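A.B. asks: For reference, the file start38.txt (compact mmCIF, C-alpha atoms) is included below:
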# COMPACT_ATOMS: atom_id res chain seq x y z
CA MET O 232 71.31 124.25 46.42
CA ASP O 233 74.40 123.13 48.31
CA GLU O 234 74.97 119.37 47.84
CA VAL O 235 74.92 118.53 51.57
CA VAL O 236 71.85 120.72 52.22
CA ASP O 237 70.11 119.11 49.24
CA ARG O 238 70.91 115.63 50.58
CA PHE O 239 69.63 116.58 54.04
CA THR O 240 66.45 118.07 52.55
CA ARG O 241 65.66 115.00 50.46
CA HIS O 242 66.48 112.68 53.35
CA ASN O 243 64.04 114.47 55.67
CA LEU O 244 61.22 115.60 53.37
CA ASP O 245 60.89 112.99 50.61
CA SER O 246 59.11 110.47 52.83
CA TRP O 247 56.23 112.96 53.22
CA LYS O 248 55.68 113.61 49.50
CA ASP O 249 52.59 111.49 48.98
CA ILE O 250 51.07 111.78 52.47
CA ASP O 251 47.66 113.39 53.00
CA LEU O 252 48.93 115.77 55.69
CA ASN O 253 46.79 116.01 58.81
CA PRO O 254 48.14 118.11 61.72
CA GLN O 255 44.98 117.43 63.77
CA ALA O 256 45.69 113.69 63.59
CA LEU O 257 49.28 114.40 64.71
CA GLU O 258 48.00 116.31 67.76
CA ARG O 259 45.80 113.36 68.70
CA ILE O 260 48.87 111.09 68.56
CA ILE O 261 50.88 113.60 70.63
CA ASN O 262 48.25 113.49 73.36
CA LYS O 263 47.62 109.74 73.12
CA TYR O 264 51.30 108.91 73.66
CA LYS O 265 51.97 111.89 75.96
CA LEU O 266 54.77 113.22 73.76
CA GLY O 267 56.53 116.36 74.98
CA VAL O 268 55.99 118.58 71.94
CA ALA O 269 55.99 122.33 71.33
CA LYS O 270 54.14 123.96 68.42
CA ILE O 271 56.22 126.92 67.24
CA ILE O 272 55.23 129.62 64.74
CA ILE O 273 58.00 131.26 62.67
CA ARG O 274 56.80 134.37 60.85
CA LYS O 275 58.15 137.78 59.77
CA GLY O 276 61.34 137.50 61.78
CA MET O 277 59.52 136.39 64.92
CA VAL O 278 59.24 133.10 66.78
CA ILE O 279 56.12 132.39 68.83
CA LEU O 280 55.70 129.46 71.21
CA ASP O 281 52.10 128.71 70.26
CA LYS O 282 51.36 125.62 72.33
CA LYS O 283 53.04 123.10 74.63
CA PHE O 284 51.84 119.51 74.80
CA ASN O 285 52.55 117.34 77.83
CA ASN O 286 55.93 117.50 79.56
CA CYS O 287 58.42 119.43 77.42
CA HIS O 288 62.15 119.49 78.25
CA GLY O 289 62.67 123.11 79.30
CA LYS O 290 66.34 123.58 78.48
CA TYR O 291 66.13 121.76 75.13
CA LEU O 292 63.09 123.85 74.20
CA ASN O 293 64.67 127.16 75.27
CA ARG O 294 67.85 126.53 73.26
CA SER O 295 65.76 125.50 70.25
CA LEU O 296 63.68 128.70 70.50
CA LYS O 297 66.87 130.77 70.71
CA PHE O 298 68.21 129.02 67.60
CA LEU O 299 64.95 129.52 65.67
CA SER O 300 64.95 133.20 66.67
CA GLU O 301 68.39 133.59 65.09
CA VAL O 302 67.19 131.73 61.99
CA SER O 303 64.08 133.91 61.66
CA LYS O 304 66.14 137.10 61.87
CA GLU O 305 68.37 135.80 59.07
CA TYR O 306 65.38 134.76 56.93
CA GLU O 307 62.42 137.00 57.70
CA GLU O 308 60.56 135.46 54.75
CA ILE O 309 60.12 132.16 56.60
CA ASP O 310 56.39 131.73 57.26
CA THR O 311 55.62 128.36 58.77
CA SER O 312 54.87 126.40 61.94
CA ILE O 313 56.68 123.36 63.27
CA TYR O 314 55.94 120.73 65.88
CA LEU O 315 59.15 120.07 67.86
CA TYR O 316 59.56 116.94 69.99
CA THR O 317 61.61 118.22 72.94
CA ARG O 318 62.80 114.92 74.42
CA ASP O 319 65.65 112.72 73.17
CA THR O 320 64.52 110.03 70.69
CA LEU O 321 61.27 110.39 68.76
CA GLN O 322 59.49 107.22 69.91
CA TYR O 323 56.91 106.01 72.43
CA ASP O 324 58.67 105.53 75.76
CA ASN O 325 56.58 102.68 77.09
CA ILE O 326 57.59 101.22 80.50
CA ASN O 327 57.44 97.48 81.19
CA ILE O 328 58.51 94.97 83.82
CA TYR O 329 60.72 92.07 82.73
CA ASN O 330 62.19 89.00 84.35
CA VAL O 331 65.95 89.03 83.76
CA ASN O 332 65.46 85.83 81.74
CA GLY O 333 63.92 88.11 79.07
CA THR O 334 60.25 87.35 79.78
CA LEU O 335 57.80 90.26 79.87
CA GLU O 336 55.95 89.53 83.12
CA ASN O 337 55.18 90.65 86.67
CA PRO O 338 53.45 87.66 88.29
CA LYS O 339 54.11 88.91 91.82
CA GLY O 340 52.68 92.38 91.16
CA LEU O 341 55.96 93.99 92.20
CA ASP O 342 55.97 97.76 92.63
CA ASP O 343 59.09 98.36 94.75
CA PHE O 344 61.54 99.25 91.99
CA VAL O 345 64.55 101.42 92.84
CA TRP O 346 66.91 102.39 90.03
CA GLY O 347 64.94 99.95 87.86
CA VAL O 348 65.41 96.85 90.05
CA SER O 349 62.88 95.33 92.47
CA LYS O 350 64.05 95.57 96.08
CA THR O 351 62.47 92.22 96.98
CA ASP O 352 63.33 90.24 93.84
CA LYS O 353 66.37 91.29 91.84
CA ASP O 354 65.29 88.98 89.00
CA TYR O 355 62.79 91.67 87.95
CA ILE O 356 63.58 95.00 86.32
CA ARG O 357 61.44 97.98 85.35
CA ILE O 358 62.74 99.38 82.08
CA VAL O 359 61.85 101.57 79.13
CA ASP O 360 60.48 99.37 76.35
CA SER O 361 60.33 101.93 73.56
CA LYS O 362 58.26 101.45 70.43
CA ASP O 363 57.84 103.24 67.16
CA ILE O 364 54.43 104.80 66.46
CA PRO O 365 53.44 103.41 63.02
CA GLU O 366 50.35 105.62 62.58
CA TYR O 367 52.49 108.75 62.98
CA ASN O 368 54.02 108.39 59.49
CA ASN O 369 50.62 109.10 57.89
CA THR O 370 49.86 112.34 59.74
CA PHE O 371 52.18 115.38 59.84
CA PRO O 372 55.94 115.84 60.47
CA LEU O 373 57.45 116.19 63.93
CA PHE O 374 60.86 117.82 64.22
CA CYS O 375 63.18 115.93 66.59
CA PHE O 376 66.81 115.78 67.76
CA GLU O 377 67.07 112.04 67.06
CA ARG O 378 64.53 109.55 65.79
CA GLU O 379 63.56 105.93 65.88
CA ARG O 380 64.61 104.81 62.40
CA LYS O 381 61.11 103.64 61.47
CA MET O 382 59.62 107.07 62.23
CA ASN O 383 59.85 109.85 59.64
CA GLY O 384 60.74 112.66 62.00
CA ILE O 385 62.49 115.73 60.62
CA LEU O 386 65.90 116.07 62.23
CA PHE O 387 66.57 119.24 64.19
CA PRO O 388 69.94 120.31 65.64
CA GLY O 389 70.41 119.34 69.27
CA PHE O 390 72.41 121.51 71.65
CA ASP O 391 74.17 120.01 74.66
CA ALA O 392 72.15 121.22 77.64
CA ALA O 393 75.23 121.00 79.89
CA ASP O 394 77.55 123.02 77.60
CA ASN O 395 77.31 126.78 78.06
CA ASP O 396 79.86 127.35 75.27
CA TYR O 397 78.05 125.33 72.59
CA ILE O 398 77.88 128.35 70.27
CA LEU O 399 81.68 128.81 70.19
CA SER O 400 82.87 125.52 68.61
CA LYS O 401 85.92 125.14 70.87
CA ASN O 402 88.55 122.50 70.18
CA ILE O 403 89.70 121.30 73.62
CA ASP O 404 92.15 118.74 72.17
CA GLU O 405 95.63 119.96 73.10
CA TYR O 406 97.48 117.35 71.02
CA SER O 407 98.21 117.49 67.33
CA PHE O 408 97.70 114.21 65.50
CA ASP O 409 101.48 113.63 65.47
CA GLU O 410 101.64 114.05 69.25
CA LYS O 411 99.12 111.27 69.87
CA ASP O 412 100.73 107.98 70.82
CA THR O 413 98.30 105.06 70.64
CA ASP O 414 96.19 103.37 67.96
CA ARG O 415 93.96 101.35 70.29
CA VAL O 416 90.38 102.58 69.77
CA LEU O 417 89.10 104.28 72.93
CA PHE O 418 85.60 104.93 74.26
CA ARG O 419 84.41 106.26 77.61
CA GLY O 420 80.71 106.76 78.24
CA PHE O 421 78.56 107.70 81.22
CA ASN O 422 74.97 106.80 80.36
CA VAL O 423 74.05 103.24 79.35
CA CYS O 424 70.52 104.09 78.07
CA ALA O 425 68.35 101.48 79.79
CA ASP O 426 65.87 100.75 77.01
CA VAL O 427 65.04 97.25 75.79
CA ASN O 428 65.36 98.41 72.18
CA HIS O 429 68.45 100.59 72.60
CA LEU O 430 70.99 98.49 74.50
CA ASP O 431 73.59 99.22 71.82
CA LYS O 432 76.11 100.66 74.28
CA ILE O 433 76.21 97.37 76.17
CA ASP O 434 76.72 95.56 72.84
CA MET O 435 79.61 97.95 72.23
CA MET O 436 81.20 97.14 75.60
CA LYS O 437 80.92 93.44 74.73
CA MET O 438 83.09 94.08 71.65
CA SER O 439 85.84 95.32 73.98
CA TYR O 440 85.26 92.48 76.46
CA ASP O 441 85.75 89.97 73.63
CA ASN O 442 88.67 91.88 72.01
CA PRO O 443 90.47 93.80 74.80
CA ASP O 444 93.67 94.19 72.76
CA LYS O 445 91.82 95.96 69.94
CA TYR O 446 89.22 98.08 71.73
CA ASP O 447 89.21 99.96 75.02
CA PHE O 448 85.46 100.55 75.36
CA LYS O 449 84.21 101.18 78.89
CA MET O 450 81.52 103.06 80.80
CA SER O 451 82.67 105.23 83.69
CA SER O 452 81.71 107.91 86.18
CA THR O 453 83.31 110.37 88.57
CA ARG O 454 80.96 109.46 91.43
CA MET O 455 79.94 106.35 93.34
CA HIS O 456 76.45 105.13 92.51
CA PRO O 457 74.04 105.48 95.49
CA ILE O 458 73.15 101.76 95.25
CA TRP O 459 75.61 99.97 92.94
CA GLY O 460 78.72 101.55 94.48
CA LYS O 461 81.60 101.72 92.02
CA ASN O 462 79.49 100.10 89.28
CA ILE O 463 77.19 102.36 87.27
CA VAL O 464 74.68 99.70 86.21
CA SER O 465 72.87 96.95 88.06
CA ARG O 466 73.84 93.33 87.72
CA SER O 467 70.17 92.65 86.90
CA LEU O 468 70.25 94.85 83.80
CA LEU O 469 73.36 93.11 82.49
CA GLU O 470 71.77 89.72 83.15
CA PHE O 471 68.69 90.82 81.19
CA TRP O 472 70.86 92.04 78.31
CA ASN O 473 72.87 88.79 78.33
CA ASN O 474 69.76 86.60 78.21
CA ASN O 475 68.02 88.89 75.72
CA ARG O 476 70.99 88.51 73.37
CA GLY O 477 71.24 84.73 73.95
CA LEU O 478 74.82 85.03 75.24
CA SER O 479 76.75 83.42 78.07
CA THR O 480 78.87 86.32 79.29
CA ASP O 481 80.44 86.15 82.75
CA ILE O 482 78.41 89.02 84.22
CA ASP O 483 80.65 89.62 87.23
CA LEU O 484 83.71 90.10 85.00
CA PHE O 485 81.76 92.06 82.40
CA ARG O 486 80.41 94.43 85.04
CA ASP O 487 83.93 95.79 85.51
CA TYR O 488 83.42 97.51 82.15
CA PHE O 489 80.81 99.71 83.89
CA SER O 490 82.77 101.19 86.79
CA ILE O 491 84.20 104.42 88.18
CA ASP O 492 87.59 102.66 87.96
CA ASN O 493 87.47 103.27 84.19
CA PHE O 494 87.39 107.05 84.40
CA MET O 495 89.81 108.97 82.15
CA SER O 496 90.36 112.69 81.80
CA TYR O 497 89.77 114.29 78.40
CA ASN O 498 93.47 115.09 78.30
CA ASP O 499 94.32 111.37 78.52
CA MET O 500 91.61 110.42 76.06
CA PHE O 501 92.89 112.82 73.43
CA ARG O 502 96.23 111.00 73.36
CA HIS O 503 94.45 108.33 71.26
CA ARG O 504 94.48 108.63 67.48
CA TYR O 505 91.15 106.80 67.24
CA ILE O 506 88.29 107.82 69.55
CA ALA O 507 85.01 105.95 69.49
CA THR O 508 81.71 107.75 70.10
CA VAL O 509 78.00 107.10 69.96
CA GLY O 510 75.46 109.45 68.38
CA SER O 511 74.80 112.41 70.69
CA ALA O 512 74.33 116.17 70.83
CA LYS O 513 77.38 116.15 73.14
CA ASN O 514 79.88 115.12 70.46
CA ASN O 515 81.22 118.54 69.47
CA LYS O 516 84.38 117.98 71.49
CA TRP O 517 85.11 114.85 69.43
CA TYR O 518 84.11 116.27 66.03
CA LEU O 519 86.41 119.26 66.59
CA SER O 520 89.30 117.15 67.89
CA ASN O 521 92.51 116.09 66.15
CA SER O 522 91.65 112.37 66.38
CA VAL O 523 89.75 110.12 63.98
CA VAL O 524 86.15 109.67 65.16
CA ILE O 525 84.93 106.06 65.07
CA GLU O 526 81.18 106.25 65.69
CA TYR O 527 79.04 103.32 66.80
CA LYS O 528 75.83 103.34 64.78
CA PHE O 529 72.69 102.55 66.75
CA LYS O 530 70.48 99.90 65.19
CA ASN O 531 67.21 101.73 65.86
CA LYS O 532 68.22 105.40 66.24
CA GLU O 533 69.20 108.05 63.73
CA PHE O 534 70.95 111.32 64.60
CA PHE O 535 71.12 114.78 63.04
CA HIS O 536 74.72 114.58 61.81
CA GLU O 537 74.52 111.18 60.08
CA VAL O 538 73.59 112.63 56.71
CA LEU O 539 76.46 115.16 56.95
CA PHE O 540 79.39 112.89 57.85
CA ARG O 541 80.03 110.02 55.43
CA ASP O 542 81.66 106.72 56.30
CA MET O 543 85.44 106.58 55.64
CA ASP O 544 85.31 110.11 54.23
CA SER O 545 84.89 112.30 57.32
CA ILE O 546 84.00 109.77 60.01
CA VAL O 547 84.08 105.99 60.50
CA TYR O 548 80.81 104.23 61.29
CA PHE O 549 80.67 100.76 62.80
CA ASP O 550 78.52 98.42 64.87
CA ASN O 551 78.94 95.04 66.56
CA THR O 552 78.24 93.11 63.36
CA GLU O 553 81.44 94.12 61.58
CA ASN O 554 85.18 93.89 62.07
CA ILE O 555 86.48 97.44 61.94
CA GLU O 556 90.12 96.37 61.84
CA ASP O 557 90.17 96.62 58.05
CA LYS O 558 89.02 100.23 58.26
CA ILE O 559 91.60 101.04 60.95
CA ASN O 560 94.38 99.46 58.88
CA ARG O 561 93.40 101.51 55.82
CA LEU O 562 93.34 104.70 57.89
CA SER O 563 96.75 103.94 59.43
CA ALA O 564 98.56 103.03 56.20
CA ASP O 565 101.20 105.33 54.64
CA ASP O 566 101.87 107.25 57.86
CA TYR O 567 98.14 107.66 58.57
CA LYS O 568 97.47 109.38 55.25
CA LEU O 569 93.76 108.51 55.12
CA ALA O 570 93.33 109.22 58.85
CA ARG O 571 94.71 112.73 58.45
CA GLU O 572 92.43 113.35 55.46
CA ASN O 573 89.43 112.02 57.38
CA ILE O 574 90.09 114.41 60.27
CA ARG O 575 90.59 117.37 57.92
CA LYS O 576 87.33 116.74 56.08
CA ARG O 577 85.35 116.21 59.28
CA LYS O 578 86.55 119.47 60.79
CA GLU O 579 85.84 121.35 57.56
CA LEU O 580 82.32 119.89 57.41
CA TYR O 581 81.77 120.70 61.06
CA MET O 582 82.72 124.36 60.63
CA LYS O 583 80.69 124.69 57.43
CA TYR O 584 77.51 123.02 58.66
CA LEU O 585 77.54 122.61 62.47
CA HIS O 586 79.36 125.74 63.66
CA TYR O 587 76.49 127.78 65.09
CA PRO O 588 76.49 130.82 62.76
CA ASN O 589 76.73 128.59 59.66
CA LEU O 590 74.15 126.15 61.04
CA ILE O 591 71.73 129.08 61.30
CA LYS O 592 72.29 129.93 57.63
CA TRP O 593 71.80 126.53 56.02
CA TYR O 594 69.08 125.29 58.37
CA GLY O 595 67.22 128.50 57.57
CA LEU O 596 67.33 127.55 53.88
CA PHE O 597 65.98 124.13 54.82
CA LEU O 598 63.11 125.72 56.79
CA LEU O 599 62.27 127.88 53.79
CA GLU O 600 61.94 124.72 51.72
CA TYR O 601 59.91 123.07 54.48
CA GLY O 602 57.63 126.11 54.74
CA ASN O 603 56.89 125.99 51.02
CA LYS O 604 55.58 122.44 51.34
CA PHE O 605 54.03 122.18 54.81
CA LYS O 606 51.32 124.41 56.22
CA VAL O 607 49.55 124.02 59.57
Rewrite the structure from the file as structure tokens, please.

C.D. replies:
Amino acid sequence: MDEVVDRFTRHNLDSWKDIDLNPQALERIINKYKLGVAKIIIRKGMVILDKKFNNCHGKYLNRSLKFLSEVSKEYEEIDTSIYLYTRDTLQYDNINIYNVNGTLENPKGLDDFVWGVSKTDKDYIRIVDSKDIPEYNNTFPLFCFERERKMNGILFPGFDAADNDYILSKNIDEYSFDEKDTDRVLFRGFNVCADVNHLDKIDMMKMSYDNPDKYDFKMSSTRMHPIWGKNIVSRSLLEFWNNNRGLSTDIDLFRDYFSIDNFMSYNDMFRHRYIATVGSAKNNKWYLSNSVVIEYKFKNKEFFHEVLFRDMDSIVYFDNTENIEDKINRLSADDYKLARENIRKRKELYMKYLHYPNLIKWYGLFLLEYGNKFKV
């Protein structure tokens, strides 16, 4: 078996080796936590949507069914069923009300939340407070696009619901590496992810706030927010994050890092030799680009591509606990020798394993292996 496919297989299946598999127990968990899951049968070159649980994401599900149909035509011998979680992160999306001081409480019984903030008392926010589901790991595997790191979901390729050309693997970067003209690491994002346990993007912006000469990390938008105006997040959320982290950030200054004023076109972004990302199904444009990809690694989330791209080989992983300057200096040395090699390897890996026709081929081999071990 191919070395990367073997690594992916072991990474996703080994945790289930000694489990007394129980799909009925999984279905009880699906209903208890209202998980949007589809049960899909793959047999004799056909794909059958057998059952939908709760609120499935239509476009994610449809693109996944199309992909599985292509896989089943390539490998008609696949005979199995899978449970596919059709939302973003495999976890329990609990909702709670917090005081911005970090206390879980709602003493006033507030229920007038708009965009997550109480209209009558801005010191209270309503926010996703996601949790792992510990009992899940002793039932039966769920396939998912990304997973809470404590949950043994089986990673499934995600397809950008907004990209109609996702099958084509287009490189929209018009600049060769030699035509790029700045080493300052750049990030522009649009969605903060308001979840108590996944505020990593705000942590990332704080790195830039503390080190503006090294990092240009900002959130942006093309449109005014209906309530916050040019800012794309509430002051209350940033206050909560600040208190939750035990920091003393000047919120009014920091909020400028979350503004439509930070918008950049892709053409301007691609002038940077080092582009920072976060894990997402929308990263094809970066993985196919002629820049080095510096990817912020979420503390509690794992993504499909992480087992494919290796740190300092074909990508650069980092988080807010490390100084990435040493990595950048190594990549830039000797006329960017290591940077050029990193880009070459990433693009080769992308075309071999993530380009749609090749993804069909190797993920089909993985599903054959899965089908030999898991029966519903």

A.B. asks: With distances taken over only C-alpha atoms, which of O:Tyr527, O:Tyr440, O:Phe376, O:Phe418 is nearest to Ser496 in chain O?

C.D. replies: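 Closest candidate: O:Phe418.
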
A.B. asks: Name all residues at most 7 Å from range 327-339 of chain O (count all atoms listed in the file; drop same-chain ones fewer than 2 positions away) and give them as a PyMOL selection string.

C.D. replies: chain O and resi 325+341+354-360+467+470-471+474-475

A.B. asks: Using C-alpha atoms, can you write the selected residues to a file as a PDB file, in the coordinates of the input?

C.D. replies:
ATOM      1  CA  ASN O 325      56.580 102.680  77.090  1.00  0.00           C
ATOM      2  CA  LEU O 341      55.960  93.990  92.200  1.00  0.00           C
ATOM      3  CA  ASP O 354      65.290  88.980  89.000  1.00  0.00           C
ATOM      4  CA  TYR O 355      62.790  91.670  87.950  1.00  0.00           C
ATOM      5  CA  ILE O 356      63.580  95.000  86.320  1.00  0.00           C
ATOM      6  CA  ARG O 357      61.440  97.980  85.350  1.00  0.00           C
ATOM      7  CA  ILE O 358      62.740  99.380  82.080  1.00  0.00           C
ATOM      8  CA  VAL O 359      61.850 101.570  79.130  1.00  0.00           C
ATOM      9  CA  ASP O 360      60.480  99.370  76.350  1.00  0.00           C
ATOM     10  CA  SER O 467      70.170  92.650  86.900  1.00  0.00           C
ATOM     11  CA  GLU O 470      71.770  89.720  83.150  1.00  0.00           C
ATOM     12  CA  PHE O 471      68.690  90.820  81.190  1.00  0.00           C
ATOM     13  CA  ASN O 474      69.760  86.600  78.210  1.00  0.00           C
ATOM     14  CA  ASN O 475      68.020  88.890  75.720  1.00  0.00           C
TER      15      ASN O 475
END

A.B. asks: From the set O:Ile491, O:Ile271, O:Leu252, O:Met438, which residue has the shortest atom-to-atom contact distance to Glu553 in chain O, counting only C-alpha atoms?

C.D. replies: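 The closest residue to Glu553 in chain O is O:Met438.
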
A.B. asks: Could you list, as a list in words, every residue within 9 Å of range 281-288 of chain O, counting only C-alpha atoms and ignoring same-chain residues fewer than 4 positions away?

C.D. replies: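 Surrounding residues, per the criterion: Glu258, Ile261, Asn262, Lys265, Leu266, Gly267, Val268, Ala269, Lys270, Ile271, Ile272, Leu292, Asn293, Tyr316, Thr317 and Arg318 of chain O.
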
A.B. asks: How far is it from CA of Val509 in chain O to CA of Glu526 in chain O, in Å with one decimal?

C.D. replies: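 Between these atoms lies a distance of 5.4 Å.
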